[in-house]
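Quick notes on the structure that follows.
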Amino acid sequence: MAVLEIVKVPNPILRKAAEKVKRFNRDLEKLVLDLAETMYSAPGIGLAANQVGVLKQVAVVDVSPPESPKNLLVLINAELVESEGREELEEGCLSLPEFREVIGRPSRIKVRAKNLKGEAIEIIAEGLLARAVQHELDHLQGRLLLDYAGAIKRELYLRKRKKQIKKSGKR
Ligand code: ZN
């Protein structure tokens, strides 16, 4: 297992749609373990493969509080099949340092996905878990929190990021 570097805006890989996983093998297992370790060390409650530079439909989510036991959800080739309700909540993103946005999303969802063995699984989620899963599904389609913000806020943030990158000399 390894903690990987998290890719940040404006890296173009964050804008690309991830491809479906076809091989359920050791490489996939390693990717999932690395994603989980990277997420826990950040710390964050979700991480999509795009965010470590891998364009595969893989994401991990764990919304359990830091002091309670881990409860890792692995999402492979996940698809949102049902959603209901609506809830406004502030979100942040490990790829968007210092950016926060209040966005409305369905409060209860049903997702079909595969587990590490390639078996079909179904997840029904609500509250924070539903929120985190939808955030990761967005990533896998190249969509970011920025897209929910107004044009001015988005532009100002991107300008600030460019300045930060210039200053630090890295992304
Ligand atoms: Zn994110």
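How things are named: the first chain in the structure tokens is A, the next is B, and so on; residues count from 1 in each chain; ligands count from 1 in the order shown.
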Ligand 1: which residues are within 9 Å, counting only C-alpha atoms and all ligand atoms? Reply as a list in words.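 What falls inside 9 Å of ligand 1 is Gly46, Leu47, Ala48, Gln51, Glu91, Gly92, Cys93, Leu94, Ser95, Leu96, Ala132, His135, Glu136, Asp138, His139, Leu144 and Leu145 of chain A.
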Which of segment 16-110 of chain A DSSP labels strand (DSSP E), written as an mmCIF file with all heavy atoms, in the first residue's frame:
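Contents of selection_15.cif, as written:
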```cif
data_model
loop_
_atom_site.group_PDB
_atom_site.id
_atom_site.type_symbol
_atom_site.label_atom_id
_atom_site.label_comp_id
_atom_site.auth_asym_id
_atom_site.auth_seq_id
_atom_site.Cartn_x
_atom_site.Cartn_y
_atom_site.Cartn_z
ATOM 1 N N GLY A 46 -13.807 10.565 0.829
ATOM 2 C CA GLY A 46 -13.992 9.905 -0.456
ATOM 3 C C GLY A 46 -12.846 10.252 -1.384
ATOM 4 O O GLY A 46 -12.221 11.305 -1.232
ATOM 5 N N LEU A 47 -12.551 9.339 -2.310
ATOM 6 C CA LEU A 47 -11.492 9.609 -3.285
ATOM 7 C C LEU A 47 -11.761 8.789 -4.548
ATOM 8 O O LEU A 47 -12.023 7.589 -4.472
ATOM 9 C CB LEU A 47 -10.128 9.249 -2.694
ATOM 10 C CG LEU A 47 -8.891 9.744 -3.454
ATOM 11 C CD1 LEU A 47 -8.798 11.277 -3.425
ATOM 12 C CD2 LEU A 47 -7.611 9.154 -2.870
ATOM 13 N N ALA A 48 -11.701 9.463 -5.687
ATOM 14 C CA ALA A 48 -11.919 8.794 -6.970
ATOM 15 C C ALA A 48 -10.568 8.582 -7.652
ATOM 16 O O ALA A 48 -9.630 9.346 -7.436
ATOM 17 C CB ALA A 48 -12.829 9.650 -7.854
ATOM 18 N N VAL A 58 -13.219 3.724 -10.453
ATOM 19 C CA VAL A 58 -12.988 3.188 -9.118
ATOM 20 C C VAL A 58 -12.992 4.361 -8.131
ATOM 21 O O VAL A 58 -12.383 5.396 -8.399
ATOM 22 C CB VAL A 58 -11.611 2.480 -9.037
ATOM 23 C CG1 VAL A 58 -11.391 1.910 -7.646
ATOM 24 C CG2 VAL A 58 -11.498 1.395 -10.084
ATOM 25 N N ALA A 59 -13.693 4.174 -7.023
ATOM 26 C CA ALA A 59 -13.681 5.195 -5.974
ATOM 27 C C ALA A 59 -13.840 4.519 -4.621
ATOM 28 O O ALA A 59 -14.364 3.404 -4.534
ATOM 29 C CB ALA A 59 -14.801 6.205 -6.195
ATOM 30 N N VAL A 60 -13.363 5.194 -3.591
ATOM 31 C CA VAL A 60 -13.547 4.699 -2.224
ATOM 32 C C VAL A 60 -14.229 5.793 -1.408
ATOM 33 O O VAL A 60 -14.031 6.979 -1.660
ATOM 34 C CB VAL A 60 -12.210 4.299 -1.557
ATOM 35 C CG1 VAL A 60 -11.614 3.073 -2.207
ATOM 36 C CG2 VAL A 60 -11.209 5.452 -1.583
ATOM 37 N N VAL A 61 -15.044 5.351 -0.457
ATOM 38 C CA VAL A 61 -15.769 6.275 0.407
ATOM 39 C C VAL A 61 -15.761 5.692 1.812
ATOM 40 O O VAL A 61 -15.915 4.481 1.986
ATOM 41 C CB VAL A 61 -17.237 6.448 -0.083
ATOM 42 C CG1 VAL A 61 -18.062 7.229 0.936
ATOM 43 C CG2 VAL A 61 -17.301 7.134 -1.442
ATOM 44 N N LEU A 73 -16.234 1.736 1.772
ATOM 45 C CA LEU A 73 -17.096 1.360 0.655
ATOM 46 C C LEU A 73 -16.273 1.491 -0.633
ATOM 47 O O LEU A 73 -15.706 2.544 -0.908
ATOM 48 C CB LEU A 73 -18.318 2.286 0.609
ATOM 49 C CG LEU A 73 -19.283 2.104 -0.563
ATOM 50 C CD1 LEU A 73 -19.918 0.723 -0.533
ATOM 51 C CD2 LEU A 73 -20.362 3.180 -0.533
ATOM 52 N N VAL A 74 -16.206 0.394 -1.378
ATOM 53 C CA VAL A 74 -15.461 0.398 -2.638
ATOM 54 C C VAL A 74 -16.470 0.421 -3.785
ATOM 55 O O VAL A 74 -17.380 -0.403 -3.838
ATOM 56 C CB VAL A 74 -14.570 -0.862 -2.754
ATOM 57 C CG1 VAL A 74 -13.838 -0.884 -4.089
ATOM 58 C CG2 VAL A 74 -13.578 -0.909 -1.599
ATOM 59 N N LEU A 75 -16.314 1.386 -4.678
ATOM 60 C CA LEU A 75 -17.239 1.533 -5.800
ATOM 61 C C LEU A 75 -16.495 1.291 -7.101
ATOM 62 O O LEU A 75 -15.580 2.039 -7.445
ATOM 63 C CB LEU A 75 -17.815 2.947 -5.813
ATOM 64 C CG LEU A 75 -18.699 3.341 -4.632
ATOM 65 C CD1 LEU A 75 -18.851 4.847 -4.577
ATOM 66 C CD2 LEU A 75 -20.057 2.662 -4.730
ATOM 67 N N ILE A 76 -16.887 0.242 -7.810
ATOM 68 C CA ILE A 76 -16.266 -0.060 -9.098
ATOM 69 C C ILE A 76 -17.379 -0.087 -10.150
ATOM 70 O O ILE A 76 -18.410 -0.726 -9.945
ATOM 71 C CB ILE A 76 -15.533 -1.415 -9.040
ATOM 72 C CG1 ILE A 76 -14.432 -1.352 -7.962
ATOM 73 C CG2 ILE A 76 -14.930 -1.777 -10.398
ATOM 74 C CD1 ILE A 76 -13.852 -2.702 -7.595
ATOM 75 N N ASN A 77 -17.171 0.635 -11.246
ATOM 76 C CA ASN A 77 -18.183 0.737 -12.314
ATOM 77 C C ASN A 77 -19.556 1.118 -11.749
ATOM 78 O O ASN A 77 -20.575 0.543 -12.135
ATOM 79 C CB ASN A 77 -18.299 -0.576 -13.090
ATOM 80 C CG ASN A 77 -17.001 -0.966 -13.772
ATOM 81 O OD1 ASN A 77 -16.082 -0.162 -13.862
ATOM 82 N ND2 ASN A 77 -16.915 -2.186 -14.259
ATOM 83 N N ALA A 78 -19.562 2.073 -10.843
ATOM 84 C CA ALA A 78 -20.811 2.425 -10.151
ATOM 85 C C ALA A 78 -21.726 3.278 -11.011
ATOM 86 O O ALA A 78 -21.269 4.135 -11.770
ATOM 87 C CB ALA A 78 -20.482 3.165 -8.857
ATOM 88 N N GLU A 79 -23.007 2.998 -10.874
ATOM 89 C CA GLU A 79 -24.021 3.748 -11.607
ATOM 90 C C GLU A 79 -25.149 4.134 -10.673
ATOM 91 O O GLU A 79 -25.652 3.296 -9.916
ATOM 92 C CB GLU A 79 -24.634 2.850 -12.680
ATOM 93 C CG GLU A 79 -24.028 2.998 -14.048
ATOM 94 C CD GLU A 79 -24.686 1.996 -14.980
ATOM 95 O OE1 GLU A 79 -24.357 0.795 -14.861
ATOM 96 O OE2 GLU A 79 -25.533 2.413 -15.774
ATOM 97 N N LEU A 80 -25.562 5.370 -10.768
ATOM 98 C CA LEU A 80 -26.700 5.836 -9.984
ATOM 99 C C LEU A 80 -27.965 5.345 -10.675
ATOM 100 O O LEU A 80 -28.192 5.647 -11.839
ATOM 101 C CB LEU A 80 -26.670 7.369 -9.949
ATOM 102 C CG LEU A 80 -27.662 8.062 -9.032
ATOM 103 C CD1 LEU A 80 -27.289 7.844 -7.583
ATOM 104 C CD2 LEU A 80 -27.697 9.548 -9.328
ATOM 105 N N VAL A 81 -28.786 4.560 -9.981
ATOM 106 C CA VAL A 81 -29.987 4.044 -10.639
ATOM 107 C C VAL A 81 -31.279 4.659 -10.116
ATOM 108 O O VAL A 81 -32.295 4.634 -10.804
ATOM 109 C CB VAL A 81 -30.069 2.493 -10.582
ATOM 110 C CG1 VAL A 81 -29.041 1.877 -11.503
ATOM 111 C CG2 VAL A 81 -29.913 1.963 -9.179
ATOM 112 N N GLU A 82 -31.244 5.185 -8.903
ATOM 113 C CA GLU A 82 -32.444 5.834 -8.365
ATOM 114 C C GLU A 82 -32.012 6.942 -7.430
ATOM 115 O O GLU A 82 -30.997 6.820 -6.746
ATOM 116 C CB GLU A 82 -33.261 4.839 -7.532
ATOM 117 C CG GLU A 82 -34.349 4.118 -8.301
ATOM 118 C CD GLU A 82 -34.987 3.034 -7.445
ATOM 119 O OE1 GLU A 82 -35.332 3.329 -6.285
ATOM 120 O OE2 GLU A 82 -35.102 1.905 -7.951
ATOM 121 N N SER A 83 -32.806 8.016 -7.390
ATOM 122 C CA SER A 83 -32.520 9.064 -6.417
ATOM 123 C C SER A 83 -33.804 9.755 -6.030
ATOM 124 O O SER A 83 -34.734 9.842 -6.834
ATOM 125 C CB SER A 83 -31.514 10.068 -6.982
ATOM 126 O OG SER A 83 -32.052 10.707 -8.111
ATOM 127 N N GLU A 84 -33.858 10.213 -4.775
ATOM 128 C CA GLU A 84 -35.037 10.961 -4.348
ATOM 129 C C GLU A 84 -34.668 11.967 -3.264
ATOM 130 O O GLU A 84 -33.606 11.867 -2.639
ATOM 131 C CB GLU A 84 -36.134 10.008 -3.854
ATOM 132 C CG GLU A 84 -35.684 9.128 -2.698
ATOM 133 C CD GLU A 84 -36.793 8.184 -2.219
ATOM 134 O OE1 GLU A 84 -37.490 7.615 -3.072
ATOM 135 O OE2 GLU A 84 -36.937 8.045 -0.996
ATOM 136 N N GLU A 87 -31.305 17.849 -0.688
ATOM 137 C CA GLU A 87 -30.691 18.385 0.514
ATOM 138 C C GLU A 87 -29.565 19.325 0.108
ATOM 139 O O GLU A 87 -28.808 19.017 -0.808
ATOM 140 C CB GLU A 87 -30.103 17.209 1.302
ATOM 141 C CG GLU A 87 -29.927 17.435 2.777
ATOM 142 C CD GLU A 87 -29.555 16.136 3.491
ATOM 143 O OE1 GLU A 87 -28.773 15.328 2.929
ATOM 144 O OE2 GLU A 87 -30.043 15.937 4.600
ATOM 145 N N GLU A 88 -29.479 20.455 0.796
ATOM 146 C CA GLU A 88 -28.391 21.401 0.527
ATOM 147 C C GLU A 88 -27.308 21.192 1.583
ATOM 148 O O GLU A 88 -27.619 21.097 2.773
ATOM 149 C CB GLU A 88 -28.891 22.840 0.666
ATOM 150 C CG GLU A 88 -30.052 23.193 -0.220
ATOM 151 C CD GLU A 88 -29.607 23.927 -1.468
ATOM 152 O OE1 GLU A 88 -28.603 24.665 -1.396
ATOM 153 O OE2 GLU A 88 -30.271 23.756 -2.507
ATOM 154 N N LEU A 89 -26.080 21.102 1.144
ATOM 155 C CA LEU A 89 -24.993 20.900 2.100
ATOM 156 C C LEU A 89 -23.693 21.455 1.523
ATOM 157 O O LEU A 89 -23.506 21.456 0.303
ATOM 158 C CB LEU A 89 -24.833 19.399 2.359
ATOM 159 C CG LEU A 89 -24.213 18.981 3.685
ATOM 160 C CD1 LEU A 89 -25.192 19.186 4.836
ATOM 161 C CD2 LEU A 89 -23.796 17.510 3.643
ATOM 162 N N GLU A 90 -22.822 21.906 2.410
ATOM 163 C CA GLU A 90 -21.543 22.440 1.945
ATOM 164 C C GLU A 90 -20.574 21.284 1.696
ATOM 165 O O GLU A 90 -20.482 20.366 2.505
ATOM 166 C CB GLU A 90 -20.970 23.386 2.985
ATOM 167 C CG GLU A 90 -19.772 24.160 2.451
ATOM 168 C CD GLU A 90 -19.180 25.104 3.476
ATOM 169 O OE1 GLU A 90 -18.717 24.608 4.522
ATOM 170 O OE2 GLU A 90 -19.172 26.307 3.242
ATOM 171 N N GLU A 91 -19.876 21.327 0.567
ATOM 172 C CA GLU A 91 -18.897 20.285 0.245
ATOM 173 C C GLU A 91 -17.529 20.901 -0.015
ATOM 174 O O GLU A 91 -17.418 22.036 -0.457
ATOM 175 C CB GLU A 91 -19.325 19.526 -1.033
ATOM 176 C CG GLU A 91 -20.549 18.669 -0.836
ATOM 177 C CD GLU A 91 -20.931 17.911 -2.102
ATOM 178 O OE1 GLU A 91 -20.050 17.537 -2.892
ATOM 179 O OE2 GLU A 91 -22.140 17.712 -2.279
ATOM 180 N N GLY A 92 -16.526 20.085 0.229
ATOM 181 C CA GLY A 92 -15.168 20.448 -0.139
ATOM 182 C C GLY A 92 -14.612 19.300 -0.970
ATOM 183 O O GLY A 92 -15.277 18.280 -1.156
ATOM 184 N N CYS A 93 -13.400 19.463 -1.472
ATOM 185 C CA CYS A 93 -12.824 18.433 -2.334
ATOM 186 C C CYS A 93 -11.305 18.447 -2.187
ATOM 187 O O CYS A 93 -10.700 19.513 -2.170
ATOM 188 C CB CYS A 93 -13.206 18.728 -3.779
ATOM 189 S SG CYS A 93 -12.496 17.563 -4.943
ATOM 190 N N LEU A 96 -9.499 20.415 -4.719
ATOM 191 C CA LEU A 96 -9.789 21.853 -4.791
ATOM 192 C C LEU A 96 -9.454 22.502 -3.442
ATOM 193 O O LEU A 96 -10.347 22.809 -2.659
ATOM 194 C CB LEU A 96 -11.279 22.072 -5.083
ATOM 195 C CG LEU A 96 -11.830 21.629 -6.428
ATOM 196 C CD1 LEU A 96 -13.344 21.548 -6.389
ATOM 197 C CD2 LEU A 96 -11.404 22.589 -7.518
ATOM 198 N N PRO A 97 -8.161 22.718 -3.171
ATOM 199 C CA PRO A 97 -7.776 23.252 -1.869
ATOM 200 C C PRO A 97 -8.505 24.561 -1.567
ATOM 201 O O PRO A 97 -8.598 25.430 -2.428
ATOM 202 C CB PRO A 97 -6.266 23.499 -2.013
ATOM 203 C CG PRO A 97 -5.837 22.709 -3.194
ATOM 204 C CD PRO A 97 -7.027 22.537 -4.078
ATOM 205 N N GLU A 98 -9.027 24.654 -0.351
ATOM 206 C CA GLU A 98 -9.677 25.866 0.161
ATOM 207 C C GLU A 98 -10.980 26.228 -0.541
ATOM 208 O O GLU A 98 -11.521 27.302 -0.321
ATOM 209 C CB GLU A 98 -8.737 27.078 0.071
ATOM 210 C CG GLU A 98 -7.531 26.978 0.992
ATOM 211 C CD GLU A 98 -6.407 27.886 0.524
ATOM 212 O OE1 GLU A 98 -6.701 29.016 0.124
ATOM 213 O OE2 GLU A 98 -5.256 27.432 0.553
ATOM 214 N N PHE A 99 -11.499 25.365 -1.385
ATOM 215 C CA PHE A 99 -12.755 25.680 -2.065
ATOM 216 C C PHE A 99 -13.915 24.980 -1.367
ATOM 217 O O PHE A 99 -13.824 23.796 -1.054
ATOM 218 C CB PHE A 99 -12.696 25.234 -3.529
ATOM 219 C CG PHE A 99 -13.914 25.630 -4.328
ATOM 220 C CD1 PHE A 99 -13.998 26.881 -4.909
ATOM 221 C CD2 PHE A 99 -14.980 24.743 -4.477
ATOM 222 C CE1 PHE A 99 -15.120 27.250 -5.637
ATOM 223 C CE2 PHE A 99 -16.107 25.109 -5.210
ATOM 224 C CZ PHE A 99 -16.176 26.370 -5.786
ATOM 225 N N ARG A 100 -14.993 25.729 -1.104
ATOM 226 C CA ARG A 100 -16.189 25.113 -0.538
ATOM 227 C C ARG A 100 -17.400 25.647 -1.267
ATOM 228 O O ARG A 100 -17.399 26.791 -1.705
ATOM 229 C CB ARG A 100 -16.294 25.411 0.972
ATOM 230 C CG ARG A 100 -15.020 25.042 1.717
ATOM 231 C CD ARG A 100 -15.215 24.629 3.149
ATOM 232 N NE ARG A 100 -16.181 23.597 3.403
ATOM 233 C CZ ARG A 100 -15.880 22.303 3.560
ATOM 234 N NH1 ARG A 100 -14.648 21.885 3.409
ATOM 235 N NH2 ARG A 100 -16.818 21.443 3.850
ATOM 236 N N GLU A 101 -18.399 24.808 -1.419
ATOM 237 C CA GLU A 101 -19.603 25.258 -2.114
ATOM 238 C C GLU A 101 -20.806 24.518 -1.543
ATOM 239 O O GLU A 101 -20.743 23.311 -1.312
ATOM 240 C CB GLU A 101 -19.441 24.965 -3.620
ATOM 241 C CG GLU A 101 -20.610 25.340 -4.477
ATOM 242 C CD GLU A 101 -20.784 26.856 -4.667
ATOM 243 O OE1 GLU A 101 -19.879 27.628 -4.310
ATOM 244 O OE2 GLU A 101 -21.855 27.236 -5.157
ATOM 245 N N VAL A 102 -21.883 25.267 -1.321
ATOM 246 C CA VAL A 102 -23.131 24.632 -0.871
ATOM 247 C C VAL A 102 -23.868 24.163 -2.118
ATOM 248 O O VAL A 102 -24.135 24.963 -3.016
ATOM 249 C CB VAL A 102 -24.013 25.634 -0.083
ATOM 250 C CG1 VAL A 102 -25.354 24.981 0.262
ATOM 251 C CG2 VAL A 102 -23.295 26.078 1.180
ATOM 252 N N ILE A 103 -24.141 22.868 -2.187
ATOM 253 C CA ILE A 103 -24.871 22.393 -3.359
ATOM 254 C C ILE A 103 -26.020 21.471 -2.963
ATOM 255 O O ILE A 103 -25.986 20.803 -1.936
ATOM 256 C CB ILE A 103 -23.958 21.724 -4.417
ATOM 257 C CG1 ILE A 103 -23.308 20.472 -3.880
ATOM 258 C CG2 ILE A 103 -22.905 22.654 -4.928
ATOM 259 C CD1 ILE A 103 -22.538 19.753 -4.961
ATOM 260 N N GLY A 104 -27.046 21.479 -3.795
ATOM 261 C CA GLY A 104 -28.205 20.622 -3.574
ATOM 262 C C GLY A 104 -28.023 19.317 -4.323
ATOM 263 O O GLY A 104 -27.626 19.316 -5.484
ATOM 264 N N ARG A 105 -28.267 18.206 -3.627
ATOM 265 C CA ARG A 105 -28.209 16.893 -4.277
ATOM 266 C C ARG A 105 -29.340 16.044 -3.720
ATOM 267 O O ARG A 105 -29.833 16.306 -2.613
ATOM 268 C CB ARG A 105 -26.908 16.177 -3.920
ATOM 269 C CG ARG A 105 -25.631 16.783 -4.463
ATOM 270 C CD ARG A 105 -24.519 15.782 -4.231
ATOM 271 N NE ARG A 105 -23.183 16.319 -4.421
ATOM 272 C CZ ARG A 105 -22.501 16.247 -5.576
ATOM 273 N NH1 ARG A 105 -23.050 15.709 -6.633
ATOM 274 N NH2 ARG A 105 -21.279 16.729 -5.657
ATOM 275 N N ARG A 108 -31.340 10.639 -1.003
ATOM 276 C CA ARG A 108 -31.388 9.189 -0.885
ATOM 277 C C ARG A 108 -31.140 8.608 -2.275
ATOM 278 O O ARG A 108 -31.785 9.022 -3.242
ATOM 279 C CB ARG A 108 -32.772 8.786 -0.378
ATOM 280 C CG ARG A 108 -32.851 7.415 0.182
ATOM 281 C CD ARG A 108 -34.270 7.184 0.704
ATOM 282 N NE ARG A 108 -34.674 5.806 0.412
ATOM 283 C CZ ARG A 108 -34.374 4.777 1.201
ATOM 284 N NH1 ARG A 108 -33.709 4.957 2.309
ATOM 285 N NH2 ARG A 108 -34.758 3.569 0.874
ATOM 286 N N ILE A 109 -30.205 7.683 -2.363
ATOM 287 C CA ILE A 109 -29.849 7.161 -3.687
ATOM 288 C C ILE A 109 -29.703 5.639 -3.677
ATOM 289 O O ILE A 109 -29.473 5.026 -2.633
ATOM 290 C CB ILE A 109 -28.508 7.759 -4.205
ATOM 291 C CG1 ILE A 109 -27.366 7.478 -3.207
ATOM 292 C CG2 ILE A 109 -28.640 9.230 -4.490
ATOM 293 C CD1 ILE A 109 -25.985 7.734 -3.779
ATOM 294 N N LYS A 110 -29.839 5.077 -4.868
ATOM 295 C CA LYS A 110 -29.525 3.658 -5.045
ATOM 296 C C LYS A 110 -28.466 3.576 -6.141
ATOM 297 O O LYS A 110 -28.609 4.198 -7.196
ATOM 298 C CB LYS A 110 -30.777 2.890 -5.451
ATOM 299 C CG LYS A 110 -30.542 1.403 -5.526
ATOM 300 C CD LYS A 110 -31.835 0.641 -5.272
ATOM 301 C CE LYS A 110 -32.348 0.047 -6.571
ATOM 302 N NZ LYS A 110 -33.611 -0.675 -6.388
#
```
Skip Leu31 of chain A itself and residues of its chain fewer than 6 positions away, then list as a JSON list (two decimals) with N, CA and C atoms, in the first residue's frame all residues within 10 Å of it, counting only C-alpha atoms.
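Just written: around29.json:
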```
[["chain", "number", "residue", "atom", "x", "y", "z"],
["A", 1, "MET", "N", 0.84, -1.19, 0.00],
["A", 1, "MET", "CA", 0.00, 0.00, 0.00],
["A", 1, "MET", "C", 0.88, 1.24, 0.00],
["A", 2, "ALA", "N", 0.32, 2.28, -0.60],
["A", 2, "ALA", "CA", 1.09, 3.52, -0.67],
["A", 2, "ALA", "C", 0.15, 4.72, -0.65],
["A", 4, "LEU", "N", -0.63, 7.98, -2.30],
["A", 4, "LEU", "CA", -0.34, 8.56, -3.61],
["A", 4, "LEU", "C", -0.54, 10.07, -3.56],
["A", 37, "GLU", "N", -5.78, 4.16, 1.36],
["A", 37, "GLU", "CA", -4.73, 4.70, 2.22],
["A", 37, "GLU", "C", -4.52, 6.19, 1.99],
["A", 49, "ALA", "N", -10.49, 7.54, -8.49],
["A", 49, "ALA", "CA", -9.21, 7.19, -9.12],
["A", 49, "ALA", "C", -8.63, 8.35, -9.95],
["A", 52, "VAL", "N", -5.98, 10.42, -8.37],
["A", 52, "VAL", "CA", -4.59, 9.99, -8.26],
["A", 52, "VAL", "C", -4.04, 9.72, -9.66],
["A", 54, "VAL", "N", -5.52, 8.12, -12.29],
["A", 54, "VAL", "CA", -5.89, 6.85, -12.95],
["A", 54, "VAL", "C", -7.31, 6.96, -13.49],
["A", 56, "LYS", "N", -9.89, 5.20, -14.26],
["A", 56, "LYS", "CA", -10.71, 3.99, -14.14],
["A", 56, "LYS", "C", -11.87, 4.28, -13.21],
["A", 58, "VAL", "N", -13.22, 3.72, -10.45],
["A", 58, "VAL", "CA", -12.99, 3.19, -9.12],
["A", 58, "VAL", "C", -12.99, 4.36, -8.13],
["A", 59, "ALA", "N", -13.69, 4.17, -7.02],
["A", 59, "ALA", "CA", -13.68, 5.20, -5.97],
["A", 59, "ALA", "C", -13.84, 4.52, -4.62]]
```
Please provide as a PDB file with all heavy atoms, in the first residue's frame all residues within 7 Å of Ala130 of chain A, with the sequence filter that same-chain residues fewer than 3 positions apart are discarded (counting only C-alpha atoms).
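Listed below is the output, selection-v1.pdb:
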```pdb
ATOM      1  N   SER A 107     -31.135  13.293  -1.606  1.00  0.00           N
ATOM      2  CA  SER A 107     -30.729  12.894  -0.251  1.00  0.00           C
ATOM      3  C   SER A 107     -30.711  11.379  -0.071  1.00  0.00           C
ATOM      4  O   SER A 107     -30.163  10.866   0.893  1.00  0.00           O
ATOM      5  CB  SER A 107     -31.667  13.528   0.776  1.00  0.00           C
ATOM      6  OG  SER A 107     -33.008  13.310   0.407  1.00  0.00           O
ATOM      7  N   ARG A 108     -31.340  10.639  -1.003  1.00  0.00           N
ATOM      8  CA  ARG A 108     -31.388   9.189  -0.885  1.00  0.00           C
ATOM      9  C   ARG A 108     -31.140   8.608  -2.275  1.00  0.00           C
ATOM     10  O   ARG A 108     -31.785   9.022  -3.242  1.00  0.00           O
ATOM     11  CB  ARG A 108     -32.772   8.786  -0.378  1.00  0.00           C
ATOM     12  CG  ARG A 108     -32.851   7.415   0.182  1.00  0.00           C
ATOM     13  CD  ARG A 108     -34.270   7.184   0.704  1.00  0.00           C
ATOM     14  NE  ARG A 108     -34.674   5.806   0.412  1.00  0.00           N
ATOM     15  CZ  ARG A 108     -34.374   4.777   1.201  1.00  0.00           C
ATOM     16  NH1 ARG A 108     -33.709   4.957   2.309  1.00  0.00           N
ATOM     17  NH2 ARG A 108     -34.758   3.569   0.874  1.00  0.00           N
ATOM     18  N   ILE A 109     -30.205   7.683  -2.363  1.00  0.00           N
ATOM     19  CA  ILE A 109     -29.849   7.161  -3.687  1.00  0.00           C
ATOM     20  C   ILE A 109     -29.703   5.639  -3.677  1.00  0.00           C
ATOM     21  O   ILE A 109     -29.473   5.026  -2.633  1.00  0.00           O
ATOM     22  CB  ILE A 109     -28.508   7.759  -4.205  1.00  0.00           C
ATOM     23  CG1 ILE A 109     -27.366   7.478  -3.207  1.00  0.00           C
ATOM     24  CG2 ILE A 109     -28.640   9.230  -4.490  1.00  0.00           C
ATOM     25  CD1 ILE A 109     -25.985   7.734  -3.779  1.00  0.00           C
ATOM     26  N   ALA A 125     -28.103   4.447  -0.048  1.00  0.00           N
ATOM     27  CA  ALA A 125     -27.424   5.373   0.853  1.00  0.00           C
ATOM     28  C   ALA A 125     -28.255   6.623   1.064  1.00  0.00           C
ATOM     29  O   ALA A 125     -29.009   7.037   0.181  1.00  0.00           O
ATOM     30  CB  ALA A 125     -26.067   5.750   0.271  1.00  0.00           C
ATOM     31  N   GLU A 126     -28.103   7.204   2.254  1.00  0.00           N
ATOM     32  CA  GLU A 126     -28.733   8.496   2.499  1.00  0.00           C
ATOM     33  C   GLU A 126     -27.795   9.360   3.335  1.00  0.00           C
ATOM     34  O   GLU A 126     -26.754   8.900   3.791  1.00  0.00           O
ATOM     35  CB  GLU A 126     -30.101   8.327   3.161  1.00  0.00           C
ATOM     36  CG  GLU A 126     -30.099   7.460   4.396  1.00  0.00           C
ATOM     37  CD  GLU A 126     -31.516   7.195   4.914  1.00  0.00           C
ATOM     38  OE1 GLU A 126     -32.499   7.479   4.219  1.00  0.00           O
ATOM     39  OE2 GLU A 126     -31.616   6.696   6.038  1.00  0.00           O
ATOM     40  N   GLY A 127     -28.175  10.623   3.490  1.00  0.00           N
ATOM     41  CA  GLY A 127     -27.384  11.547   4.295  1.00  0.00           C
ATOM     42  C   GLY A 127     -25.975  11.732   3.745  1.00  0.00           C
ATOM     43  O   GLY A 127     -25.784  11.793   2.531  1.00  0.00           O
ATOM     44  N   VAL A 133     -20.967   9.605  -2.060  1.00  0.00           N
ATOM     45  CA  VAL A 133     -20.989   8.722  -3.234  1.00  0.00           C
ATOM     46  C   VAL A 133     -21.254   9.549  -4.493  1.00  0.00           C
ATOM     47  O   VAL A 133     -20.577   9.388  -5.517  1.00  0.00           O
ATOM     48  CB  VAL A 133     -22.058   7.614  -3.063  1.00  0.00           C
ATOM     49  CG1 VAL A 133     -22.300   6.880  -4.377  1.00  0.00           C
ATOM     50  CG2 VAL A 133     -21.633   6.621  -1.975  1.00  0.00           C
ATOM     51  N   GLN A 134     -22.206  10.474  -4.418  1.00  0.00           N
ATOM     52  CA  GLN A 134     -22.521  11.296  -5.597  1.00  0.00           C
ATOM     53  C   GLN A 134     -21.352  12.196  -5.979  1.00  0.00           C
ATOM     54  O   GLN A 134     -21.095  12.426  -7.161  1.00  0.00           O
ATOM     55  CB  GLN A 134     -23.771  12.138  -5.338  1.00  0.00           C
ATOM     56  CG  GLN A 134     -25.021  11.281  -5.248  1.00  0.00           C
ATOM     57  CD  GLN A 134     -26.236  12.101  -4.853  1.00  0.00           C
ATOM     58  OE1 GLN A 134     -26.905  12.674  -5.705  1.00  0.00           O
ATOM     59  NE2 GLN A 134     -26.527  12.183  -3.569  1.00  0.00           N
TER      60      GLN A 134
END
```
At what distance in Å, to one decimal, does atom CA of Leu55 of chain A lie from atom CA of Lys160 of chain A?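 Atom CA of Leu55 of chain A lies 26.5 Å from atom CA of Lys160 of chain A.
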To test your reading of the structure, identify every residue in segment 1-151 of chain A that backbone DSSP assigns to helix (DSSP H, G or I), and report it as number ranges by chain. A: 12-15, 26-41, 49-52, 127-140, 145-148, 151
Show me, as a list in words, the residues that have an atom within 8 Å of Asp62 of chain A when counting only C-alpha atoms, minus same-chain residues fewer than 5 positions from it.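 Everything that qualifies: Ile45, Gly46, Lys70, Asn71, Leu72, Leu73 and Leu129 of chain A.
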Just the number, please: distance in Å from atom CA of Lys16 of chain A to atom CA of Arg143 of chain A, one decimal.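 Computed distance, atom CA of Lys16 of chain A to atom CA of Arg143 of chain A, equals 8.3 Å.
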I want to know what sits within 9 Å of Pro10 of chain A, based on only C-alpha atoms, with residues of the same chain fewer than 4 positions away left out; could you give that as a list in words? Leu14, Arg15, Ser95, Leu96, Leu158, Arg161, Lys162 and Arg171 of chain A
To one decimal place in Å, what is the distance between atom CA of Pro12 of chain A and atom CA of Gly150 of chain A?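 Between atom CA of Pro12 of chain A and atom CA of Gly150 of chain A the gap works out to 20.3 Å.
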Of the candidates A:Asn50, A:Leu156, A:Glu119, A:Ala151, which shows the shortest atom-to-atom distance to Glu19 of chain A, using only C-alpha atoms? A:Asn50
